[in-house]
file data22.tsv (TSV, C-alpha atoms)
chain	number	residue	atom	x	y	z
A	300	MET	CA	-38.95	27.57	12.95
A	301	ALA	CA	-35.47	27.67	11.55
A	302	THR	CA	-33.78	27.14	14.91
A	303	THR	CA	-35.71	24.03	16.00
A	304	GLY	CA	-35.11	20.35	15.29
A	305	ARG	CA	-34.71	19.74	11.58
A	306	GLY	CA	-33.75	23.33	10.80
A	307	PRO	CA	-30.40	24.75	9.65
A	308	TYR	CA	-28.36	22.37	11.82
A	309	ALA	CA	-29.78	19.30	10.09
A	310	LYS	CA	-29.30	21.02	6.74
A	311	THR	CA	-25.69	21.90	7.55
A	312	ALA	CA	-25.01	18.33	8.65
A	313	GLU	CA	-26.55	17.06	5.42
A	314	VAL	CA	-24.40	19.39	3.28
A	315	ARG	CA	-21.25	18.41	5.19
A	316	ARG	CA	-22.10	14.74	4.74
A	317	LYS	CA	-22.54	15.27	0.98
A	318	ILE	CA	-19.24	17.14	0.72
A	319	LEU	CA	-17.33	14.48	2.65
A	320	GLN	CA	-18.82	11.73	0.50
A	321	ALA	CA	-17.67	13.66	-2.63
A	322	CYS	CA	-14.29	13.91	-0.95
A	323	VAL	CA	-14.05	10.14	-0.37
A	324	ASP	CA	-14.78	9.65	-4.09
A	325	ALA	CA	-12.32	12.31	-5.27
A	326	PHE	CA	-9.43	11.32	-2.96
A	327	GLY	CA	-10.08	7.64	-3.71
A	328	ASP	CA	-9.83	8.35	-7.46
A	329	ALA	CA	-6.94	10.80	-7.62
A	330	GLY	CA	-5.51	11.10	-4.12
A	331	PHE	CA	-5.23	14.24	-2.03
A	332	HIS	CA	-2.69	15.83	-4.38
A	333	GLY	CA	-4.64	15.00	-7.53
A	334	SER	CA	-8.01	16.37	-6.32
A	335	SER	CA	-9.04	20.02	-6.46
A	336	THR	CA	-11.61	21.65	-4.19
A	337	LYS	CA	-13.42	22.71	-7.41
A	338	ASP	CA	-13.76	19.08	-8.45
A	339	ILE	CA	-15.01	18.15	-4.97
A	340	ALA	CA	-17.60	20.98	-5.00
A	341	GLN	CA	-18.82	19.81	-8.41
A	342	ARG	CA	-19.12	16.19	-7.25
A	343	ALA	CA	-21.08	17.37	-4.19
A	344	GLY	CA	-23.36	19.50	-6.37
A	345	ILE	CA	-22.63	22.77	-4.54
A	346	SER	CA	-20.78	25.96	-5.43
A	347	HIS	CA	-17.07	26.40	-4.77
A	348	THR	CA	-17.92	29.28	-2.42
A	349	GLY	CA	-20.39	27.04	-0.60
A	350	LEU	CA	-17.73	24.39	-0.13
A	351	ARG	CA	-15.22	26.92	1.17
A	352	HIS	CA	-17.78	28.17	3.68
A	353	HIS	CA	-17.86	24.70	5.30
A	354	PHE	CA	-14.20	23.74	4.69
A	355	PRO	CA	-11.88	26.69	4.01
A	356	THR	CA	-8.98	24.54	2.70
A	357	LYS	CA	-8.36	21.10	1.18
A	358	GLU	CA	-6.45	20.21	4.36
A	359	ASP	CA	-9.61	20.91	6.41
A	360	LEU	CA	-11.48	18.43	4.22
A	361	LEU	CA	-8.80	15.80	4.66
A	362	ILE	CA	-8.75	16.19	8.44
A	363	ALA	CA	-12.56	15.97	8.70
A	364	LEU	CA	-12.49	12.85	6.55
A	365	LEU	CA	-9.80	11.09	8.57
A	366	GLU	CA	-11.63	11.93	11.80
A	367	LEU	CA	-14.83	10.49	10.36
A	368	ARG	CA	-13.01	7.32	9.36
A	369	ALA	CA	-11.37	6.93	12.77
A	370	GLU	CA	-14.77	7.45	14.43
A	371	HIS	CA	-16.37	4.85	12.20
A	372	SER	CA	-13.76	2.19	13.03
A	373	SER	CA	-13.88	3.00	16.69
A	374	GLN	CA	-17.71	2.75	16.75
A	375	LEU	CA	-17.54	-0.65	15.09
A	376	LEU	CA	-14.97	-1.83	17.63
A	377	THR	CA	-17.10	-0.59	20.52
A	378	GLU	CA	-20.18	-2.33	19.17
A	379	LEU	CA	-18.16	-5.51	18.94
A	380	ASN	CA	-16.81	-5.05	22.47
A	381	ALA	CA	-13.41	-5.50	20.93
A	382	ARG	CA	-11.59	-2.75	22.71
A	383	THR	CA	-10.01	-5.14	25.16
A	384	PRO	CA	-7.02	-6.89	23.59
A	385	GLU	CA	-5.75	-7.95	27.04
A	386	THR	CA	-8.93	-9.27	28.62
A	387	ASP	CA	-10.39	-10.81	25.51
A	388	PRO	CA	-7.81	-11.01	22.74
A	389	LEU	CA	-9.85	-13.50	20.68
A	390	ASP	CA	-12.78	-11.07	20.58
A	391	ALA	CA	-10.37	-8.28	19.60
A	392	LEU	CA	-9.17	-10.35	16.62
A	393	ARG	CA	-12.73	-11.33	15.70
A	394	GLY	CA	-13.66	-7.65	15.82
A	395	GLN	CA	-10.93	-6.82	13.31
A	396	LEU	CA	-12.14	-9.59	11.00
A	397	ALA	CA	-15.68	-8.20	11.22
A	398	ILE	CA	-14.35	-4.78	10.17
A	399	LEU	CA	-12.67	-6.38	7.13
A	400	ARG	CA	-15.94	-8.09	6.17
A	401	GLU	CA	-17.78	-4.78	6.58
A	402	ASN	CA	-15.13	-3.01	4.43
A	403	ARG	CA	-16.06	-5.14	1.40
A	404	ARG	CA	-19.28	-3.12	1.24
A	405	SER	CA	-17.45	0.22	1.12
A	406	PRO	CA	-14.78	-0.07	-1.58
A	407	GLY	CA	-14.66	3.75	-1.72
A	408	MET	CA	-13.22	3.83	1.80
A	409	ILE	CA	-10.65	1.15	0.91
A	410	GLU	CA	-9.61	3.14	-2.16
A	411	LEU	CA	-9.37	6.29	-0.07
A	412	HIS	CA	-7.25	4.57	2.56
A	413	THR	CA	-4.99	2.82	0.02
A	414	VAL	CA	-4.33	5.96	-2.02
A	415	LEU	CA	-3.93	8.27	1.00
A	416	SER	CA	-1.75	5.98	3.10
A	417	GLY	CA	0.48	5.53	0.05
A	418	GLU	CA	0.93	9.21	-0.76
A	419	ALA	CA	1.12	10.17	2.94
A	420	THR	CA	4.39	8.21	3.32
A	421	SER	CA	6.02	11.51	2.24
A	422	PRO	CA	6.84	13.34	5.48
A	423	ASP	CA	5.39	16.64	4.22
A	424	HIS	CA	1.96	15.20	3.32
A	425	PRO	CA	-0.80	16.67	5.54
A	426	ALA	CA	-1.95	13.16	6.58
A	427	HIS	CA	1.57	11.89	7.35
A	428	ASN	CA	1.43	12.31	11.13
A	429	TYR	CA	-2.11	10.90	11.24
A	430	TYR	CA	-0.89	7.66	9.63
A	431	VAL	CA	2.31	7.43	11.70
A	432	LYS	CA	0.18	7.62	14.85
A	433	ARG	CA	-2.55	5.34	13.46
A	434	TYR	CA	-0.10	2.57	12.59
A	435	GLN	CA	1.64	2.87	15.95
A	436	ASP	CA	-1.75	2.52	17.68
A	437	ILE	CA	-2.86	-0.47	15.59
A	438	ARG	CA	0.52	-2.17	16.03
A	439	GLN	CA	0.21	-1.71	19.80
A	440	HIS	CA	-3.37	-3.03	19.78
A	441	TYR	CA	-2.33	-6.24	18.00
A	442	THR	CA	0.85	-6.61	20.05
A	443	ARG	CA	-1.20	-6.53	23.27
A	444	ALA	CA	-3.64	-9.12	21.94
A	445	PHE	CA	-0.86	-11.48	20.76
A	446	THR	CA	1.12	-11.02	24.00
A	447	THR	CA	-1.88	-12.09	26.09
A	448	LEU	CA	-2.45	-15.07	23.79
A	449	ALA	CA	1.24	-16.06	24.06
A	450	GLU	CA	1.03	-15.90	27.89
A	451	ARG	CA	-2.01	-18.18	27.78
A	452	GLY	CA	-0.17	-20.62	25.52
A	453	ASP	CA	-2.57	-19.84	22.66
A	454	LEU	CA	0.03	-18.59	20.18
A	455	SER	CA	1.38	-21.29	17.88
A	456	ALA	CA	3.16	-18.99	15.39
A	457	PRO	CA	6.97	-18.99	15.52
A	458	PHE	CA	7.02	-15.16	15.61
A	459	PRO	CA	7.20	-12.86	18.64
A	460	PRO	CA	3.97	-10.87	19.31
A	461	ALA	CA	5.32	-7.54	18.00
A	462	GLN	CA	6.50	-9.11	14.74
A	463	LEU	CA	3.19	-10.93	14.31
A	464	ALA	CA	1.43	-7.58	14.83
A	465	THR	CA	3.50	-5.91	12.08
A	466	MET	CA	2.87	-8.91	9.80
A	467	THR	CA	-0.89	-8.78	10.36
A	468	ILE	CA	-1.18	-5.05	9.61
A	469	SER	CA	1.07	-5.32	6.54
A	470	LEU	CA	-0.91	-8.29	5.29
A	471	ILE	CA	-4.20	-6.39	5.65
A	472	ASN	CA	-2.90	-3.28	3.85
A	473	GLY	CA	-1.25	-5.29	1.10
A	474	LEU	CA	-4.32	-7.50	0.58
A	475	GLN	CA	-6.64	-4.50	0.36
A	476	MET	CA	-4.43	-3.07	-2.38
A	477	GLN	CA	-4.29	-6.43	-4.23
A	478	TRP	CA	-8.09	-6.60	-3.91
A	479	LEU	CA	-8.51	-3.20	-5.59
A	480	TYR	CA	-6.49	-4.55	-8.55
A	481	ASP	CA	-8.24	-7.91	-8.74
A	482	ARG	CA	-11.51	-8.28	-6.82
A	483	GLU	CA	-12.20	-11.73	-8.26
A	484	SER	CA	-9.00	-13.40	-7.09
A	485	VAL	CA	-8.37	-11.75	-3.73
A	486	ASP	CA	-10.36	-12.42	-0.54
A	487	VAL	CA	-9.09	-10.00	2.11
A	488	GLU	CA	-11.03	-11.21	5.14
A	489	GLY	CA	-10.71	-14.93	4.29
A	490	THR	CA	-6.94	-14.67	3.81
A	491	VAL	CA	-6.39	-12.68	7.02
A	492	ARG	CA	-8.61	-15.15	8.90
A	493	ASP	CA	-6.59	-18.14	7.57
A	494	PHE	CA	-3.36	-16.39	8.55
A	495	LEU	CA	-4.62	-15.55	12.06
A	496	VAL	CA	-6.06	-19.06	12.64
A	497	SER	CA	-2.66	-20.55	11.68
A	498	ALA	CA	-1.07	-18.35	14.35
A	499	VAL	CA	-3.89	-18.61	16.93
A	500	PRO	CA	-5.66	-21.97	16.46
A	501	ALA	CA	-8.21	-21.11	19.21
A	502	LEU	CA	-9.61	-18.47	16.84
A	503	GLY	CA	-10.80	-21.19	14.47
A	504	ARG	CA	-12.60	-23.17	17.16
B	62	MET	CA	33.81	13.72	-33.46
B	63	ALA	CA	30.22	14.19	-32.35
B	64	THR	CA	29.04	10.86	-33.77
B	65	THR	CA	31.63	8.66	-32.05
B	66	GLY	CA	31.66	6.99	-28.65
B	67	ARG	CA	30.99	9.54	-25.93
B	68	GLY	CA	29.29	12.09	-28.22
B	69	PRO	CA	25.63	13.18	-28.28
B	70	TYR	CA	24.28	9.71	-27.55
B	71	ALA	CA	26.08	9.52	-24.24
B	72	LYS	CA	24.96	13.05	-23.48
B	73	THR	CA	21.32	12.22	-24.31
B	74	ALA	CA	21.47	9.12	-22.11
B	75	GLU	CA	22.91	11.22	-19.28
B	76	VAL	CA	20.15	13.84	-19.58
B	77	ARG	CA	17.46	11.14	-19.68
B	78	ARG	CA	18.98	9.48	-16.61
B	79	LYS	CA	18.94	12.82	-14.76
B	80	ILE	CA	15.31	13.46	-15.75
B	81	LEU	CA	14.18	10.00	-14.66
B	82	GLN	CA	15.97	10.37	-11.32
B	83	ALA	CA	14.16	13.70	-10.79
B	84	CYS	CA	10.98	11.87	-11.68
B	85	VAL	CA	11.57	9.14	-9.07
B	86	ASP	CA	12.00	11.90	-6.47
B	87	ALA	CA	8.95	13.89	-7.58
B	88	PHE	CA	6.56	10.93	-7.95
B	89	GLY	CA	7.87	9.46	-4.70
B	90	ASP	CA	7.11	12.76	-2.92
B	91	ALA	CA	3.78	13.76	-4.43
B	92	GLY	CA	2.66	10.90	-6.68
B	93	PHE	CA	1.97	11.07	-10.39
B	94	HIS	CA	-1.06	13.33	-9.94
B	95	GLY	CA	0.68	15.70	-7.55
B	96	SER	CA	3.82	16.24	-9.68
B	97	SER	CA	4.08	18.71	-12.56
B	98	THR	CA	6.51	18.43	-15.48
B	99	LYS	CA	7.71	21.93	-14.52
B	100	ASP	CA	8.67	20.67	-11.07
B	101	ILE	CA	10.43	17.64	-12.60
B	102	ALA	CA	12.39	19.86	-15.04
B	103	GLN	CA	13.45	22.08	-12.15
B	104	ARG	CA	14.60	19.11	-10.05
B	105	ALA	CA	16.57	17.79	-13.06
B	106	GLY	CA	18.17	21.21	-13.62
B	107	ILE	CA	16.97	21.57	-17.21
B	108	SER	CA	14.43	23.78	-18.99
B	109	HIS	CA	10.81	22.76	-19.38
B	110	THR	CA	11.28	22.81	-23.17
B	111	GLY	CA	14.32	20.56	-22.80
B	112	LEU	CA	12.31	18.10	-20.73
B	113	ARG	CA	9.46	18.06	-23.25
B	114	HIS	CA	11.98	17.34	-26.03
B	115	HIS	CA	12.90	14.06	-24.32
B	116	PHE	CA	9.48	13.23	-22.84
B	117	PRO	CA	6.56	15.05	-24.50
B	118	THR	CA	4.03	14.24	-21.72
B	119	LYS	CA	3.96	13.26	-18.04
B	120	GLU	CA	2.59	9.85	-19.11
B	121	ASP	CA	5.75	9.29	-21.24
B	122	LEU	CA	7.84	9.93	-18.14
B	123	LEU	CA	5.80	7.49	-16.08
B	124	ILE	CA	6.06	4.76	-18.72
B	125	ALA	CA	9.84	5.20	-19.09
B	126	LEU	CA	10.18	5.02	-15.32
B	127	LEU	CA	8.12	1.85	-14.92
B	128	GLU	CA	10.06	0.20	-17.76
B	129	LEU	CA	13.32	1.14	-16.08
B	130	ARG	CA	12.09	-0.31	-12.80
B	131	ALA	CA	10.93	-3.55	-14.43
B	132	GLU	CA	14.30	-3.85	-16.20
B	133	HIS	CA	16.18	-3.29	-12.95
B	134	SER	CA	14.26	-6.05	-11.11
B	135	SER	CA	14.59	-8.43	-14.03
B	136	GLN	CA	18.38	-7.83	-14.25
B	137	LEU	CA	18.74	-8.55	-10.55
B	138	LEU	CA	16.74	-11.77	-10.93
B	139	THR	CA	18.86	-12.87	-13.89
B	140	GLU	CA	22.07	-12.19	-12.01
B	141	LEU	CA	20.72	-14.30	-9.18
B	142	ASN	CA	19.67	-17.07	-11.57
B	143	ALA	CA	16.28	-16.82	-9.93
B	144	ARG	CA	14.13	-16.94	-13.03
B	145	THR	CA	13.29	-20.59	-12.54
B	146	PRO	CA	10.59	-21.03	-9.89
B	147	GLU	CA	9.91	-24.61	-11.06
B	148	THR	CA	13.44	-25.98	-11.32
B	149	ASP	CA	14.88	-24.17	-8.35
B	150	PRO	CA	12.14	-22.65	-6.22
B	151	LEU	CA	14.41	-22.09	-3.22
B	152	ASP	CA	16.75	-19.98	-5.34
B	153	ALA	CA	13.75	-18.07	-6.68
B	154	LEU	CA	12.69	-17.19	-3.10
B	155	ARG	CA	16.29	-16.34	-2.12
B	156	GLY	CA	16.43	-14.06	-5.16
B	157	GLN	CA	13.36	-12.17	-3.98
B	158	LEU	CA	14.86	-11.76	-0.51
B	159	ALA	CA	18.05	-10.39	-2.10
B	160	ILE	CA	15.94	-7.81	-3.97
B	161	LEU	CA	14.34	-6.73	-0.68
B	162	ARG	CA	17.78	-6.35	0.92
B	163	GLU	CA	18.94	-4.32	-2.10
B	164	ASN	CA	15.78	-2.14	-1.89
B	165	ARG	CA	16.83	-0.85	1.54
B	166	ARG	CA	19.53	1.11	-0.27
B	167	SER	CA	17.06	2.82	-2.61
B	168	PRO	CA	14.24	4.21	-0.43
B	169	GLY	CA	13.32	6.54	-3.33
B	170	MET	CA	12.26	3.55	-5.41
B	171	ILE	CA	10.21	2.14	-2.51
B	172	GLU	CA	8.49	5.50	-2.07
B	173	LEU	CA	7.82	5.68	-5.80
B	174	HIS	CA	6.37	2.19	-5.86
B	175	THR	CA	4.28	2.67	-2.71
B	176	VAL	CA	2.78	5.99	-3.84
B	177	LEU	CA	2.22	4.93	-7.46
B	178	SER	CA	0.79	1.48	-6.76
B	179	GLY	CA	-1.59	3.13	-4.29
B	180	GLU	CA	-2.88	5.85	-6.61
B	181	ALA	CA	-2.89	3.49	-9.64
B	182	THR	CA	-5.63	1.37	-8.01
B	183	SER	CA	-8.00	3.85	-9.76
B	184	PRO	CA	-8.85	2.21	-13.11
B	185	ASP	CA	-8.25	5.45	-15.06
B	186	HIS	CA	-4.70	6.00	-13.73
B	187	PRO	CA	-2.09	5.69	-16.52
B	188	ALA	CA	-0.14	3.05	-14.55
B	189	HIS	CA	-3.24	0.98	-13.65
B	190	ASN	CA	-2.79	-1.70	-16.33
B	191	TYR	CA	0.93	-1.89	-15.65
B	192	TYR	CA	0.25	-2.80	-12.00
B	193	VAL	CA	-2.61	-5.20	-12.78
B	194	LYS	CA	-0.25	-7.13	-15.10
B	195	ARG	CA	2.72	-6.83	-12.73
B	196	TYR	CA	0.82	-8.28	-9.77
B	197	GLN	CA	-0.60	-11.10	-11.91
B	198	ASP	CA	2.96	-11.96	-13.05
B	199	ILE	CA	4.44	-11.86	-9.55
B	200	ARG	CA	1.55	-13.91	-8.14
B	201	GLN	CA	2.11	-16.50	-10.87
B	202	HIS	CA	5.87	-16.53	-10.18
B	203	TYR	CA	5.34	-17.26	-6.47
B	204	THR	CA	2.52	-19.72	-7.12
B	205	ARG	CA	4.83	-21.76	-9.38
B	206	ALA	CA	7.60	-21.75	-6.79
B	207	PHE	CA	5.26	-22.80	-3.95
B	208	THR	CA	3.56	-25.47	-6.11
B	209	THR	CA	6.90	-27.12	-6.86
B	210	LEU	CA	7.84	-26.97	-3.18
B	211	ALA	CA	4.47	-28.53	-2.21
B	212	GLU	CA	5.04	-31.36	-4.69
B	213	ARG	CA	8.46	-32.01	-3.17
B	214	GLY	CA	6.94	-32.06	0.31
B	215	ASP	CA	8.83	-28.89	1.23
B	216	LEU	CA	5.78	-26.74	2.05
B	217	SER	CA	4.80	-26.81	5.71
B	218	ALA	CA	2.33	-23.89	5.63
B	219	PRO	CA	-1.37	-24.76	5.95
B	220	PHE	CA	-2.18	-22.56	2.91
B	221	PRO	CA	-2.53	-23.61	-0.72
B	222	PRO	CA	0.28	-22.29	-3.03
B	223	ALA	CA	-1.85	-19.59	-4.69
B	224	GLN	CA	-3.00	-18.21	-1.33
B	225	LEU	CA	0.54	-18.27	0.02
B	226	ALA	CA	1.63	-16.34	-3.09
B	227	THR	CA	-1.00	-13.63	-2.48
B	228	MET	CA	-0.01	-13.49	1.19
B	229	THR	CA	3.68	-13.08	0.38
B	230	ILE	CA	3.13	-10.24	-2.10
B	231	SER	CA	0.69	-8.47	0.24
B	232	LEU	CA	3.09	-8.84	3.13
B	233	ILE	CA	5.94	-7.32	1.08
B	234	ASN	CA	3.86	-4.34	-0.10
B	235	GLY	CA	2.40	-3.73	3.34
B	236	LEU	CA	5.78	-4.00	5.08
B	237	GLN	CA	7.40	-1.57	2.65
B	238	MET	CA	4.69	0.96	3.44
B	239	GLN	CA	5.07	0.39	7.21
B	240	TRP	CA	8.82	0.82	6.78
B	241	LEU	CA	8.36	4.22	5.12
B	242	TYR	CA	6.37	5.31	8.19
B	243	ASP	CA	8.75	3.83	10.74
B	244	ARG	CA	12.21	2.79	9.52
B	245	GLU	CA	13.44	2.02	13.03
B	246	SER	CA	10.79	-0.54	13.95
B	247	VAL	CA	10.16	-2.32	10.65
B	248	ASP	CA	12.57	-4.81	9.01
B	249	VAL	CA	11.09	-5.69	5.61
B	250	GLU	CA	13.54	-8.37	4.48
B	251	GLY	CA	13.90	-9.99	7.92
B	252	THR	CA	10.13	-10.23	8.42
B	253	VAL	CA	9.50	-11.66	4.94
B	254	ARG	CA	12.35	-14.13	5.48
B	255	ASP	CA	10.89	-15.28	8.82
B	256	PHE	CA	7.47	-15.67	7.19
B	257	LEU	CA	8.87	-17.66	4.25
B	258	VAL	CA	11.04	-19.87	6.47
B	259	SER	CA	7.97	-20.72	8.57
B	260	ALA	CA	6.22	-21.84	5.36
B	261	VAL	CA	9.27	-23.42	3.71
B	262	PRO	CA	11.64	-24.67	6.42
B	263	ALA	CA	14.21	-25.78	3.79
B	264	LEU	CA	14.80	-22.08	3.06
B	265	GLY	CA	16.30	-21.63	6.52
B	266	ARG	CA	18.71	-24.52	6.23
call {"tool": "encode", "arguments": {"input": "data22.tsv", "output": "C-alpha cells"}}
result
Amino acid sequence: MATTGRGPYAKTAEVRRKILQACVDAFGDAGFHGSSTKDIAQRAGISHTGLRHHFPTKEDLLIALLELRAEHSSQLLTELNARTPETDPLDALRGQLAILRENRRSPGMIELHTVLSGEATSPDHPAHNYYVKRYQDIRQHYTRAFTTLAERGDLSAPFPPAQLATMTISLINGLQMQWLYDRESVDVEGTVRDFLVSAVPALGR
Amino acid sequence: MATTGRGPYAKTAEVRRKILQACVDAFGDAGFHGSSTKDIAQRAGISHTGLRHHFPTKEDLLIALLELRAEHSSQLLTELNARTPETDPLDALRGQLAILRENRRSPGMIELHTVLSGEATSPDHPAHNYYVKRYQDIRQHYTRAFTTLAERGDLSAPFPPAQLATMTISLINGLQMQWLYDRESVDVEGTVRDFLVSAVPALGR
C-alpha cells in the first residue's frame, strides 16, 4: 500500500510544501538572517528534527525556495508563450505585465523577494549569486525585446534598449517595495504598464 | 580641564561616531535582524558593556542611525537650496541628482538603506514606520515639484505628477539595488537624470 500512488511520496511532497510555505512567511517577515529553522518548523507545525530530515540546513531551505520561485515564474511565462522576446516582443512584455497582476494575489512572495533581494546584496549572502544571475538574465530578456522593437521602429523612448531594460527592472522592484509600504496608493502593474506604453506605444493598442 | 573644549564630550561624540559607523557596516552586511550588538561592539573596537552604555538596545542604535541619515540628506538639500519644490522645482530635482552622485562615494549607506528598507517592509520591524513616513514625505516632495512644472508647461511626460513621483522614487530604489549587484553595468545618477530629462526637458538645458 505504502509504495503506491498517494503513499509516502505524496505525504513527503505535502510536508515539503508546508515547510516551504512556512519559509516564505518567515523569510518575508524577518529575512533569511532573521529567521531560525526552529521558527520555521513551528510555523509549519512539525518538529525541528522533522524539518532537518527534509532540509538539513537553512541554506537548503533558501535554495529550494528560490528554485520553486524561478519555476513558478518560468511556468507562467511558458503558459503565456512569452519566452520569445525576439520573435514576439510585445507578447513578452504582456507576459511580464500578467505576472505583475498575478503577484498582487501573493503578497507573501513579494515580501520574500523584496526582503531577500535587499539582504542578498551583501556578497557573502547565500542568495547573492542567485540574484546576480537572475538580474543579468532578466536584463538580457528585456534588452532583447526592446532591441527587436527598436529595429521595427516600435520604440519611441529616448533611451537605448539596454538602459530601458535596466529602468524597467528597477521600476518593478522599486514599485513592489513602495507597494508593501502603501498598498492603497501604489499600483505596480498599472504604473509599469503606463511606463511601457509610453516607451512602446504599440503595447497600448 | 576635562569639562572644556575637547574633553569628555568630544570623546563621547567620537565613540558614538565609531559605533554608528560599525552599525552602518553591520546592518549593511546582514540587516538589522542579522546583526548582533556583540558583533557591532567588536567592529567598533569597544566592549559590549561600553556599547550598551551609549546605546542600551539594538533599536536605539537603529533609531540613531536613521536620524543621522535623515540629517545628512537634509543638510545636503539645504546646502543645495533645494528645499523649495514649488518655487524652484528644477533646483529641487538637481539637488536630488546631486545626492545620487554623492551616494556613489558611500556604498555603505546605500547597502544599509537597501537592506533596511527591504526588511522593514514587515509591519513589525522597528524601522517600518520610519520608512512609511519617509516615502510619504519624498513622494510629496516630488509631487509638488512635478505639479509646479506641469502648471508652467514644463512637464512633457504623459504621467500625472503623483504617478511620476512614485515612478521616480521606485526607479531610484530599484537602480540602487541593481547597482549593488552590478556596479559596472548600472549608473544610478545617469539613468535617473536621463529619465527626468525625458519628463522635464528644461532640466537638460
call {"tool": "calpha_fit_rmsd", "arguments": {"input": "data22.tsv", "fixed": "chain A", "moving": "chain B"}}
result
0.1 Å
call {"tool": "atom_distance", "arguments": {"input": "data22.tsv", "atom1": "CA of Pro425 (chain A)", "atom2": "CA of Glu358 (chain A)"}}
result
6.8 Å
call {"tool": "residues_around", "arguments": {"input": "data22.tsv", "residues": "Leu361 (chain A)", "least_positions_apart": "5", "cutoff": "10 Å", "atoms": "only C-alpha atoms", "output": "list in words"}}
result
Leu319, Cys322, Val323, Phe326, Phe331, Phe354, Thr356, Glu366, Leu367, Leu415, Pro425 and Ala426 of chain A
call {"tool": "interface_residues", "arguments": {"input": "data22.tsv", "of": "chain A", "to": "chain B", "cutoff": "8 Å", "atoms": "only C-alpha atoms", "output": "ChimeraX atom specification"}}
result
/A:327-330,332-333,410,413-418,420-421,430-431,434,457-458,462,465-466,468-474,476-477,479-481,485,490,493,497
call {"tool": "residues_around", "arguments": {"input": "data22.tsv", "residues": "Thr386 (chain A)", "least_positions_apart": "2", "cutoff": "9 Å", "atoms": "all atoms listed in the file", "output": "PyMOL selection string"}}
result
chain A and resi 383-384+388+444+447
call {"tool": "atom_distance", "arguments": {"input": "data22.tsv", "atom1": "CA of Gly452 (chain A)", "atom2": "CA of Ala498 (chain A)"}}
result
11.4 Å
call {"tool": "atom_distance", "arguments": {"input": "data22.tsv", "atom1": "CA of Ala321 (chain A)", "atom2": "CA of Arg433 (chain A)"}}
result
23.6 Å
call {"tool": "build_atoms", "arguments": {"input": "data22.tsv", "residues": "region 431-444 of chain A", "atoms": "N, CA and C atoms", "output": "compact mmCIF listing (two decimals), in the coordinates of the input"}}
result
# COMPACT_ATOMS: atom_id res chain seq x y z
N VAL A 431 1.25 7.90 10.80
CA VAL A 431 2.31 7.43 11.70
C VAL A 431 1.67 6.99 13.02
N LYS A 432 0.83 7.88 13.57
CA LYS A 432 0.18 7.62 14.85
C LYS A 432 -0.77 6.43 14.73
N ARG A 433 -1.57 6.40 13.67
CA ARG A 433 -2.55 5.34 13.46
C ARG A 433 -1.87 3.96 13.43
N TYR A 434 -0.76 3.87 12.68
CA TYR A 434 -0.10 2.57 12.59
C TYR A 434 0.56 2.18 13.90
N GLN A 435 1.09 3.17 14.62
CA GLN A 435 1.64 2.87 15.95
C GLN A 435 0.54 2.31 16.85
N ASP A 436 -0.64 2.96 16.84
CA ASP A 436 -1.75 2.52 17.68
C ASP A 436 -2.21 1.10 17.32
N ILE A 437 -2.37 0.85 16.00
CA ILE A 437 -2.86 -0.47 15.59
C ILE A 437 -1.83 -1.54 15.95
N ARG A 438 -0.53 -1.20 15.72
CA ARG A 438 0.52 -2.17 16.03
C ARG A 438 0.49 -2.52 17.52
N GLN A 439 0.26 -1.49 18.35
CA GLN A 439 0.21 -1.71 19.80
C GLN A 439 -1.01 -2.57 20.17
N HIS A 440 -2.14 -2.28 19.54
CA HIS A 440 -3.37 -3.03 19.78
C HIS A 440 -3.14 -4.53 19.51
N TYR A 441 -2.59 -4.84 18.34
CA TYR A 441 -2.33 -6.24 18.00
C TYR A 441 -1.26 -6.86 18.90
N THR A 442 -0.22 -6.07 19.22
CA THR A 442 0.85 -6.61 20.05
C THR A 442 0.30 -7.03 21.41
N ARG A 443 -0.61 -6.19 21.96
CA ARG A 443 -1.20 -6.53 23.27
C ARG A 443 -2.04 -7.80 23.18
N ALA A 444 -2.82 -7.91 22.10
CA ALA A 444 -3.64 -9.12 21.94
C ALA A 444 -2.75 -10.37 21.81
